[in-house]
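Student: Supplied in structure tokens, the structure appears directly below.
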Amino acid sequence: MENAHRQVRIGIIGCGKAAVQGHLPALQHVSDAKVIAAADLDDQRLQRAADQFGIPRCYHNDSQLLQDPEVEVVAVCVPARFHLQ
């Protein structure tokens, strides 16, 4: 049970409405989760989300976030039309 209280480290792709009004506020109430990284193509939107939710790592695209070895789980919070099909 050594890892019983270890937090899962989460990365967020997309810092728009879905992330800022839904995912990020909800994740603040999950004691076993910690958002450690975020990525967004819009630098201002990315910085606002990082400042508001205390996200330490900011990336300018999803590829950079996905290469972060500390990120264990990724939430894709972009509009459905931008999801890979």
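Here's how to read the names in the structure tokens: chain A, B, ... by the order shown, residue numbers from 1 in each chain, ligand numbers from 1 in the order shown.
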Leaving out region 25-30 of chain A and any residue of its chain fewer than 6 positions from it, which residues lie within 10 Å of it when counting only C-alpha atoms, given as a list in words?
Tutor: Gln7, Val8, Ile10, Ala19, Gln52 and Phe53 of chain A
Student: Find the residues near Val71 (chain A): any atom within 9 Å, counting only C-alpha atoms, skip ones fewer than 5 places away on the same chain, and give them as a VMD selection string.
Tutor: chain A and resid 8 to 11 35 to 37 65 to 66
Student: Which parts of chain A does DSSP call strand (DSSP E or B) when run on the backbone here, written out as a PyMOL selection string?
Tutor: chain A and resi 8-13+33-39+57-59+73-76
Student: Have a look at A:Asp32, A:Lys17, A:Leu24, A:Asp42 and name the one nearest to Asn61 (chain A); count only C-alpha atoms.
Tutor: A:Asp42
Student: Find the distance between CA of Ala18 (chain A) and CA of Pro79 (chain A) and write it in Å to one decimal.
Tutor: 8.2 Å
Student: Which residues are near Val20 (chain A)? Cut-off 12 Å, only C-alpha atoms, ignore same chain within fewer than 5 positions. Put them as an NGL selection string.
Tutor: :A and (12-15 or 25-28 or 38 or 45-53 or 55 or 77-78)
Student: Could you tell me how far CA of Asp62 (chain A) sits from CA of Val74 (chain A), in Å to one decimal place?
Tutor: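 If I compute the distance from CA of Val74 (chain A) to CA of Asp62 (chain A), I get 9.9 Å.
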Student: Please indicate the distance in Å from CA of Gln64 (chain A) to CA of Leu41 (chain A), rounded to one decimal place.
Tutor: 11.3 Å
Student: Under the rule that only C-alpha atoms are counted, which of A:Ala75, A:Lys34, A:Asp68, A:Asp40 is the nearest residue to Gly16 (chain A)?
Tutor: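 For Gly16 (chain A), the nearest of the candidates is A:Asp40.
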Student: As number ranges by chain, list the residues of chain A assigned to alpha helix (DSSP H) by DSSP on the backbone atoms of this structure.
Tutor: A: 17-18, 24-27, 43-53, 62-66
